[in-house]
$ cat model_31.cif   # mmCIF, C-alpha atoms and all ligand atoms
data_input
loop_
_atom_site.label_atom_id
_atom_site.label_comp_id
_atom_site.auth_asym_id
_atom_site.auth_seq_id
_atom_site.Cartn_x
_atom_site.Cartn_y
_atom_site.Cartn_z
CA MET A 14 94.62 72.82 109.72
CA GLY A 15 94.36 71.34 113.24
CA LYS A 16 91.30 69.62 114.60
CA GLN A 17 87.98 71.03 113.60
CA ILE A 18 85.32 72.28 115.95
CA ARG A 19 81.65 71.77 115.30
CA THR A 20 80.31 75.23 115.73
CA GLY A 21 76.66 74.24 115.59
CA ARG A 22 76.07 77.69 114.24
CA GLY A 23 73.24 79.57 115.79
CA THR A 24 72.51 76.98 118.51
CA ALA A 25 73.06 77.53 122.22
CA ARG A 26 74.99 74.24 122.38
CA GLY A 27 77.24 75.34 119.53
CA GLU A 28 77.97 78.62 121.24
CA GLU A 29 78.75 76.80 124.50
CA ALA A 30 81.20 74.48 122.69
CA ILE A 31 82.93 77.45 121.13
CA ARG A 32 83.18 79.26 124.46
CA ALA A 33 84.60 76.18 126.22
CA ALA A 34 87.27 75.65 123.53
CA TYR A 35 88.10 79.35 123.58
CA GLU A 36 88.55 79.38 127.35
CA ARG A 37 90.59 76.17 127.30
CA GLU A 38 92.94 77.23 124.52
CA GLY A 39 93.12 81.04 124.80
CA PRO A 40 92.26 83.35 121.88
CA GLU A 41 95.38 82.99 119.74
CA GLU A 42 95.61 79.20 119.96
CA PHE A 43 91.84 78.92 119.50
CA TYR A 44 91.92 80.75 116.18
CA ARG A 45 95.13 78.96 115.10
CA GLN A 46 93.36 75.59 115.67
CA HIS A 47 89.89 76.45 114.47
CA GLY A 48 90.39 79.34 112.05
CA ALA A 49 89.55 77.25 108.96
CA ASP A 50 86.15 76.48 110.45
CA TYR A 51 85.44 79.88 111.96
CA ARG A 52 82.01 81.45 111.64
CA ASN A 53 80.70 84.25 113.82
CA PRO A 54 77.44 83.06 115.44
CA HIS A 55 76.37 86.73 115.56
CA GLU A 56 76.86 87.29 111.84
CA SER A 57 73.32 88.57 111.32
CA ILE A 58 73.97 91.30 113.90
CA VAL A 59 77.30 92.18 112.24
CA ARG A 60 75.43 92.51 108.95
CA ALA A 61 72.63 94.62 110.43
CA VAL A 62 74.91 96.97 112.35
CA LEU A 63 77.17 97.46 109.34
CA THR A 64 74.18 98.24 107.16
CA ARG A 65 73.09 100.89 109.66
CA ALA A 66 76.65 102.23 109.81
CA VAL A 67 76.87 102.51 106.01
CA GLU A 68 73.46 104.17 105.74
CA THR A 69 74.17 106.60 108.58
CA TRP A 70 77.81 107.48 107.99
CA GLN A 71 78.10 106.89 104.24
CA PRO A 72 81.79 105.96 104.47
CA ASP A 73 84.00 105.73 101.38
CA LEU A 74 83.89 102.02 100.52
CA SER A 75 86.25 102.17 97.54
CA ALA A 76 89.16 100.43 99.31
CA VAL A 77 88.27 98.76 102.60
CA LEU A 78 90.64 96.77 104.80
CA ASP A 79 88.76 94.16 106.83
CA LEU A 80 91.17 93.66 109.72
CA ALA A 81 90.98 90.26 111.46
CA CYS A 82 88.45 89.34 108.80
CA GLY A 83 87.40 85.89 110.06
CA SER A 84 85.42 84.10 107.37
CA GLY A 85 84.35 87.37 105.76
CA GLU A 86 81.46 88.38 108.00
CA ALA A 87 82.09 92.12 107.59
CA ALA A 88 83.46 91.85 104.05
CA LEU A 89 80.38 90.06 102.72
CA ALA A 90 78.05 92.55 104.41
CA LEU A 91 79.99 95.52 103.03
CA ARG A 92 80.15 94.07 99.53
CA GLU A 93 76.37 94.26 99.43
CA HIS A 94 76.84 98.03 99.63
CA GLY A 95 79.36 98.06 96.79
CA ALA A 96 82.52 97.92 98.89
CA VAL A 97 85.82 96.69 97.50
CA VAL A 98 87.32 94.78 100.42
CA GLU A 99 90.70 93.27 101.20
CA GLY A 100 90.80 90.92 104.20
CA ALA A 101 93.68 90.40 106.62
CA ASP A 102 93.82 87.62 109.19
CA PRO A 103 96.62 85.26 110.24
CA PHE A 104 94.37 82.26 110.92
CA THR A 105 91.22 82.21 108.80
CA GLY A 106 92.48 82.40 105.22
CA GLU A 107 90.88 79.11 104.24
CA ALA A 108 87.45 80.05 105.63
CA TYR A 109 87.61 83.53 104.06
CA LEU A 110 88.59 82.13 100.67
CA ALA A 111 85.79 79.57 100.78
CA ARG A 112 83.15 82.21 101.48
CA THR A 113 84.38 85.27 99.59
CA GLY A 114 86.48 83.76 96.79
CA ASP A 115 89.38 86.01 97.78
CA GLU A 116 92.77 85.33 99.35
CA VAL A 117 93.57 87.10 102.61
CA LEU A 118 96.66 88.93 103.65
CA PRO A 119 97.84 86.52 106.37
CA LEU A 120 98.89 89.31 108.73
CA SER A 121 98.59 89.53 112.50
CA PHE A 122 98.02 92.74 114.44
CA GLU A 123 101.66 92.50 115.50
CA ALA A 124 102.92 92.31 111.90
CA ILE A 125 100.74 95.25 110.89
CA ALA A 126 101.96 97.29 113.86
CA GLN A 127 105.49 96.55 112.68
CA GLY A 128 104.76 98.00 109.25
CA ALA A 129 103.66 95.02 107.13
CA LEU A 130 101.14 97.27 105.30
CA ALA A 131 103.42 100.30 105.01
CA GLY A 132 102.95 102.09 101.69
CA ARG A 133 99.36 100.89 101.22
CA SER A 134 96.34 103.09 101.71
CA TYR A 135 92.70 102.36 102.31
CA SER A 136 89.55 104.49 102.30
CA LEU A 137 88.30 102.71 105.44
CA ILE A 138 89.46 100.09 107.93
CA VAL A 139 86.85 97.85 109.54
CA CYS A 140 87.63 95.64 112.50
CA SER A 141 84.73 93.50 113.67
CA PHE A 142 84.69 91.57 116.96
CA ALA A 143 88.48 91.47 117.10
CA LEU A 144 90.32 94.61 118.19
CA HIS A 145 89.69 93.84 121.86
CA LEU A 146 91.78 90.67 121.36
CA GLU A 147 94.96 92.67 120.98
CA GLU A 148 96.95 93.08 124.17
CA LYS A 149 96.31 96.45 125.79
CA SER A 150 100.01 97.32 125.82
CA ARG A 151 100.25 96.78 122.03
CA LEU A 152 97.07 98.62 121.09
CA PRO A 153 98.54 102.17 120.92
CA LYS A 154 101.17 101.24 118.34
CA LEU A 155 98.71 99.19 116.29
CA CYS A 156 96.14 102.00 116.31
CA TYR A 157 98.73 104.61 115.38
CA THR A 158 99.97 102.47 112.49
CA LEU A 159 96.38 101.99 111.27
CA SER A 160 95.79 105.75 111.44
CA ARG A 161 98.54 106.22 108.82
CA LEU A 162 96.79 103.78 106.46
CA ALA A 163 93.24 105.18 106.30
CA PRO A 164 91.22 108.28 107.19
CA ALA A 165 88.42 106.31 108.84
CA LEU A 166 88.04 103.28 111.09
CA ILE A 167 84.90 101.40 112.11
CA VAL A 168 85.21 99.10 115.12
CA LEU A 169 82.43 96.60 115.87
CA THR A 170 82.47 95.26 119.38
CA PRO A 171 80.11 93.35 121.66
CA HIS A 172 81.98 94.92 124.62
CA LYS A 173 82.82 98.44 125.72
CA ARG A 174 86.44 97.57 124.86
CA PRO A 175 88.61 98.50 123.17
CA THR A 176 89.05 102.09 124.28
CA ILE A 177 91.07 104.01 121.71
CA ALA A 178 92.75 107.19 122.98
CA PRO A 179 93.02 110.26 120.72
CA ALA A 180 96.80 110.16 121.24
CA TRP A 181 96.82 106.92 119.26
CA GLY A 182 95.81 108.68 116.05
CA TRP A 183 92.01 108.37 116.10
CA VAL A 184 89.11 110.46 117.41
CA LEU A 185 85.74 108.89 118.06
CA THR A 186 83.12 110.68 115.99
CA ASP A 187 79.98 108.58 116.47
CA GLU A 188 78.60 105.33 117.84
CA ILE A 189 75.66 103.09 116.90
CA LEU A 190 74.32 100.51 119.35
CA HIS A 191 72.40 97.60 117.85
CA GLU A 192 71.41 94.49 119.83
CA ARG A 193 74.27 95.07 122.29
CA VAL A 194 76.84 95.42 119.51
CA ARG A 195 78.54 98.79 119.13
CA ALA A 196 79.77 100.22 115.86
CA ARG A 197 82.18 103.07 116.50
CA LEU A 198 83.35 105.46 113.84
CA TYR A 199 86.78 107.05 114.23
CA ALA A 200 88.52 109.66 112.11
CA SER A 201 92.29 109.69 111.87
CA THR A 202 93.95 112.78 113.27
C1 LIG A 301 85.82 86.89 116.91
S1 LIG A 301 86.75 86.68 115.42
C2 LIG A 301 86.07 87.98 114.40
C3 LIG A 301 86.13 87.66 112.95
C4 LIG A 301 85.28 88.56 112.04
N1 LIG A 301 85.89 89.87 111.91
C5 LIG A 301 83.86 88.66 112.51
O1 LIG A 301 83.33 89.77 112.64
O2 LIG A 301 83.24 87.62 112.76
C6 LIG A 301 88.34 87.27 115.83
C7 LIG A 301 89.31 87.23 114.66
O3 LIG A 301 90.57 87.74 115.12
C8 LIG A 301 91.59 87.00 114.49
N2 LIG A 301 92.79 87.12 115.32
C9 LIG A 301 93.08 86.46 116.47
N3 LIG A 301 94.30 86.83 116.92
C10 LIG A 301 94.77 87.75 116.02
C11 LIG A 301 95.99 88.49 115.91
N4 LIG A 301 96.93 88.38 116.85
N5 LIG A 301 96.15 89.32 114.87
C12 LIG A 301 95.16 89.45 113.94
N6 LIG A 301 94.00 88.77 113.97
C13 LIG A 301 93.82 87.92 115.01
C14 LIG A 301 91.04 85.59 114.43
O4 LIG A 301 91.69 84.80 113.46
C15 LIG A 301 89.58 85.84 114.12
O5 LIG A 301 89.32 85.83 112.74
#
$ encode --input "model_31.cif" --output "structure tokens" --more "lines below"
Ligand SMILES: C[S@@+](CC[C@H](N)C(=O)[O-])C[C@H]1O[C@@H](n2cnc3c(N)ncnc32)[C@H](O)[C@@H]1O
Amino acid sequence: MGKQIRTGRGTARGEEAIRAAYEREGPEEFYRQHGADYRNPHESIVRAVLTRAVETWQPDLSAVLDLACGSGEAALALREHGAVVEGADPFTGEAYLARTGDEVLPLSFEAIAQGALAGRSYSLIVCSFALHLEEKSRLPKLCYTLSRLAPALIVLTPHKRPTIAPAWGWVLTDEILHERVRARLYAST
């Protein structure tokens, strides 16, 4: 799968290289090219914030969809709390398989918004460091479609974005801030 990028995980130089490639190629092409080698340099924060979220909110972890699952950062953290997780990502199947031992559903946000998961149901959807990547104009339909698949959604984001409006099927019920990463809990309406 495409040329590989040395992520130099955890080093400032590695993060710089990732940022430069990301800016040069744009998000979609970046993950298409480098998805097999993807690792989130902030994985320890993802793990810590998800642990706090699980302890605080005690979500039902019996059937979790890890949306835009990367190499399993959220899935691996949630498994430690007994979660049964299915990952979906169009670009990182190889990396996810290598780390979790599971195949991913190779689905994009667009495919999911168009009904690719229709008929399935999950106890919880988690989307970590990814929902802000979806184009603003396509977010309402994606969010609404997700709200028909699960009663709860946890979004992890290092930004204030994305903003999810109640009209899109979700109400924000709580937020945890941990080392500048937000975990937001939504309930489907
Ligand atoms: C910053 S990574 C986050 C990965 C992982 N959830 C984490 O917490 O590290 C963004 C993820 O979004 C995925 N992605 C990019 N464009 C996407 C799209 N159009 N539909 C679904 N996923 C997409 C990428 O493949 C990548 O795994």
$ closest_atom_pairs --input "model_31.cif" --of "chain A" --to "ligand LIG 301 (chain A)" --cutoff "8 Å" --atoms "only C-alpha atoms and all ligand atoms" --output "JSON lines"
{"residue": "A:Pro40", "atom": "CA", "partner": "A:LIG301", "partner_atom": "C9", "distance": 6.3}
{"residue": "A:Glu41", "atom": "CA", "partner": "A:LIG301", "partner_atom": "N3", "distance": 4.9}
{"residue": "A:Tyr44", "atom": "CA", "partner": "A:LIG301", "partner_atom": "O4", "distance": 4.9}
{"residue": "A:Arg45", "atom": "CA", "partner": "A:LIG301", "partner_atom": "O4", "distance": 7.0}
{"residue": "A:Gly48", "atom": "CA", "partner": "A:LIG301", "partner_atom": "O4", "distance": 5.8}
{"residue": "A:Tyr51", "atom": "CA", "partner": "A:LIG301", "partner_atom": "O5", "distance": 7.1}
{"residue": "A:Arg52", "atom": "CA", "partner": "A:LIG301", "partner_atom": "O2", "distance": 6.4}
{"residue": "A:Asn53", "atom": "CA", "partner": "A:LIG301", "partner_atom": "O2", "distance": 4.4}
{"residue": "A:Pro54", "atom": "CA", "partner": "A:LIG301", "partner_atom": "O2", "distance": 7.8}
{"residue": "A:His55", "atom": "CA", "partner": "A:LIG301", "partner_atom": "O2", "distance": 7.5}
{"residue": "A:Glu56", "atom": "CA", "partner": "A:LIG301", "partner_atom": "O2", "distance": 6.5}
{"residue": "A:Val59", "atom": "CA", "partner": "A:LIG301", "partner_atom": "O1", "distance": 6.5}
{"residue": "A:Asp79", "atom": "CA", "partner": "A:LIG301", "partner_atom": "N1", "distance": 7.2}
{"residue": "A:Leu80", "atom": "CA", "partner": "A:LIG301", "partner_atom": "N1", "distance": 6.9}
{"residue": "A:Ala81", "atom": "CA", "partner": "A:LIG301", "partner_atom": "N6", "distance": 4.2}
{"residue": "A:Cys82", "atom": "CA", "partner": "A:LIG301", "partner_atom": "N1", "distance": 4.1}
{"residue": "A:Gly83", "atom": "CA", "partner": "A:LIG301", "partner_atom": "O5", "distance": 3.3}
{"residue": "A:Ser84", "atom": "CA", "partner": "A:LIG301", "partner_atom": "C4", "distance": 6.5}
{"residue": "A:Gly85", "atom": "CA", "partner": "A:LIG301", "partner_atom": "C4", "distance": 6.5}
{"residue": "A:Glu86", "atom": "CA", "partner": "A:LIG301", "partner_atom": "C5", "distance": 5.1}
{"residue": "A:Ala87", "atom": "CA", "partner": "A:LIG301", "partner_atom": "O1", "distance": 5.7}
{"residue": "A:Ala101", "atom": "CA", "partner": "A:LIG301", "partner_atom": "C12", "distance": 7.5}
{"residue": "A:Asp102", "atom": "CA", "partner": "A:LIG301", "partner_atom": "N6", "distance": 4.9}
{"residue": "A:Pro103", "atom": "CA", "partner": "A:LIG301", "partner_atom": "N6", "distance": 5.8}
{"residue": "A:Phe104", "atom": "CA", "partner": "A:LIG301", "partner_atom": "O4", "distance": 4.5}
{"residue": "A:Thr105", "atom": "CA", "partner": "A:LIG301", "partner_atom": "O4", "distance": 5.4}
{"residue": "A:Leu120", "atom": "CA", "partner": "A:LIG301", "partner_atom": "C12", "distance": 6.4}
{"residue": "A:Ser121", "atom": "CA", "partner": "A:LIG301", "partner_atom": "N5", "distance": 3.4}
{"residue": "A:Phe122", "atom": "CA", "partner": "A:LIG301", "partner_atom": "N5", "distance": 3.9}
{"residue": "A:Glu123", "atom": "CA", "partner": "A:LIG301", "partner_atom": "N5", "distance": 6.4}
{"residue": "A:Ala124", "atom": "CA", "partner": "A:LIG301", "partner_atom": "N5", "distance": 8.0}
{"residue": "A:Cys140", "atom": "CA", "partner": "A:LIG301", "partner_atom": "N1", "distance": 6.1}
{"residue": "A:Ser141", "atom": "CA", "partner": "A:LIG301", "partner_atom": "O1", "distance": 4.1}
{"residue": "A:Phe142", "atom": "CA", "partner": "A:LIG301", "partner_atom": "C2", "distance": 4.6}
{"residue": "A:Ala143", "atom": "CA", "partner": "A:LIG301", "partner_atom": "C6", "distance": 4.4}
{"residue": "A:Leu144", "atom": "CA", "partner": "A:LIG301", "partner_atom": "O3", "distance": 7.5}
{"residue": "A:Leu146", "atom": "CA", "partner": "A:LIG301", "partner_atom": "N3", "distance": 6.4}
{"residue": "A:Glu147", "atom": "CA", "partner": "A:LIG301", "partner_atom": "N4", "distance": 6.3}
{"residue": "A:Leu169", "atom": "CA", "partner": "A:LIG301", "partner_atom": "O1", "distance": 7.6}
$ atom_distance --input "model_31.cif" --atom1 "CA of Ala66 (chain A)" --atom2 "CA of Leu166 (chain A)"
11.5 Å
$ atom_distance --input "model_31.cif" --atom1 "CA of Thr64 (chain A)" --atom2 "CA of Pro171 (chain A)"
16.4 Å
$ atom_distance --input "model_31.cif" --atom1 "CA of Ile58 (chain A)" --atom2 "CA of Arg92 (chain A)"
15.9 Å
$ residues_near_point --input "model_31.cif" --point "(89.7, 102.2, 105.6)" --cutoff "12 Å" --atoms "only C-alpha atoms" --output "ChimeraX atom specification"
/A:72-80,96-100,133-140,159-168,198-201
$ closest_residue --input "model_31.cif" --among "A:Ala49, A:Ala34, A:Ala178, A:Ala90" --to "Ala61 (chain A)" --atoms "only C-alpha atoms"
A:Ala90
$ closest_residue --input "model_31.cif" --among "A:Thr69, A:Asp50, A:Tyr35, A:Tyr157" --to "Gly106 (chain A)" --atoms "only C-alpha atoms"
A:Asp50
$ build_atoms --input "model_31.cif" --residues "region 139-163 of chain A" --atoms "N, CA and C atoms" --output "CSV table (one decimal), in the frame of the given file"
chain,number,residue,atom,x,y,z
A,139,VAL,N,87.9,98.4,108.7
A,139,VAL,CA,86.8,97.8,109.5
A,139,VAL,C,87.4,96.7,110.4
A,140,CYS,N,87.2,96.7,111.7
A,140,CYS,CA,87.6,95.6,112.5
A,140,CYS,C,86.4,95.2,113.4
A,141,SER,N,86.0,94.0,113.1
A,141,SER,CA,84.7,93.5,113.7
A,141,SER,C,85.0,92.4,114.7
A,142,PHE,N,84.6,92.6,115.9
A,142,PHE,CA,84.7,91.6,117.0
A,142,PHE,C,86.1,91.1,117.2
A,143,ALA,N,87.1,92.0,117.0
A,143,ALA,CA,88.5,91.5,117.1
A,143,ALA,C,89.5,92.4,117.8
A,144,LEU,N,89.3,93.7,117.7
A,144,LEU,CA,90.3,94.6,118.2
A,144,LEU,C,90.6,94.5,119.7
A,145,HIS,N,89.5,94.0,120.4
A,145,HIS,CA,89.7,93.8,121.9
A,145,HIS,C,90.6,92.7,122.2
A,146,LEU,N,90.9,91.8,121.1
A,146,LEU,CA,91.8,90.7,121.4
A,146,LEU,C,93.2,91.1,121.5
A,147,GLU,N,93.6,92.2,120.9
A,147,GLU,CA,95.0,92.7,121.0
A,147,GLU,C,95.3,93.1,122.4
A,148,GLU,N,96.5,92.7,122.8
A,148,GLU,CA,97.0,93.1,124.2
A,148,GLU,C,96.9,94.6,124.3
A,149,LYS,N,96.5,95.0,125.5
A,149,LYS,CA,96.3,96.4,125.8
A,149,LYS,C,97.6,97.2,125.5
A,150,SER,N,98.7,96.6,125.9
A,150,SER,CA,100.0,97.3,125.8
A,150,SER,C,100.4,97.5,124.4
A,151,ARG,N,99.8,96.7,123.4
A,151,ARG,CA,100.2,96.8,122.0
A,151,ARG,C,99.2,97.6,121.2
A,152,LEU,N,98.1,97.9,121.8
A,152,LEU,CA,97.1,98.6,121.1
A,152,LEU,C,97.5,100.0,120.6
A,153,PRO,N,98.2,100.8,121.4
A,153,PRO,CA,98.5,102.2,120.9
A,153,PRO,C,99.3,102.1,119.6
A,154,LYS,N,100.3,101.3,119.5
A,154,LYS,CA,101.2,101.2,118.3
A,154,LYS,C,100.4,100.7,117.1
A,155,LEU,N,99.6,99.7,117.4
A,155,LEU,CA,98.7,99.2,116.3
A,155,LEU,C,97.8,100.3,115.8
A,156,CYS,N,97.1,101.0,116.7
A,156,CYS,CA,96.1,102.0,116.3
A,156,CYS,C,96.9,103.1,115.6
A,157,TYR,N,98.0,103.5,116.1
A,157,TYR,CA,98.7,104.6,115.4
A,157,TYR,C,99.1,104.2,114.0
A,158,THR,N,99.6,103.0,113.8
A,158,THR,CA,100.0,102.5,112.5
A,158,THR,C,98.8,102.5,111.6
A,159,LEU,N,97.6,102.0,112.1
A,159,LEU,CA,96.4,102.0,111.3
A,159,LEU,C,96.0,103.4,110.8
A,160,SER,N,96.2,104.4,111.7
A,160,SER,CA,95.8,105.8,111.4
A,160,SER,C,96.6,106.3,110.3
A,161,ARG,N,97.8,105.8,110.0
A,161,ARG,CA,98.5,106.2,108.8
A,161,ARG,C,98.1,105.5,107.5
A,162,LEU,N,97.2,104.5,107.6
A,162,LEU,CA,96.8,103.8,106.5
A,162,LEU,C,95.4,104.2,105.9
A,163,ALA,N,94.6,104.9,106.7
A,163,ALA,CA,93.2,105.2,106.3
A,163,ALA,C,92.7,106.4,107.1
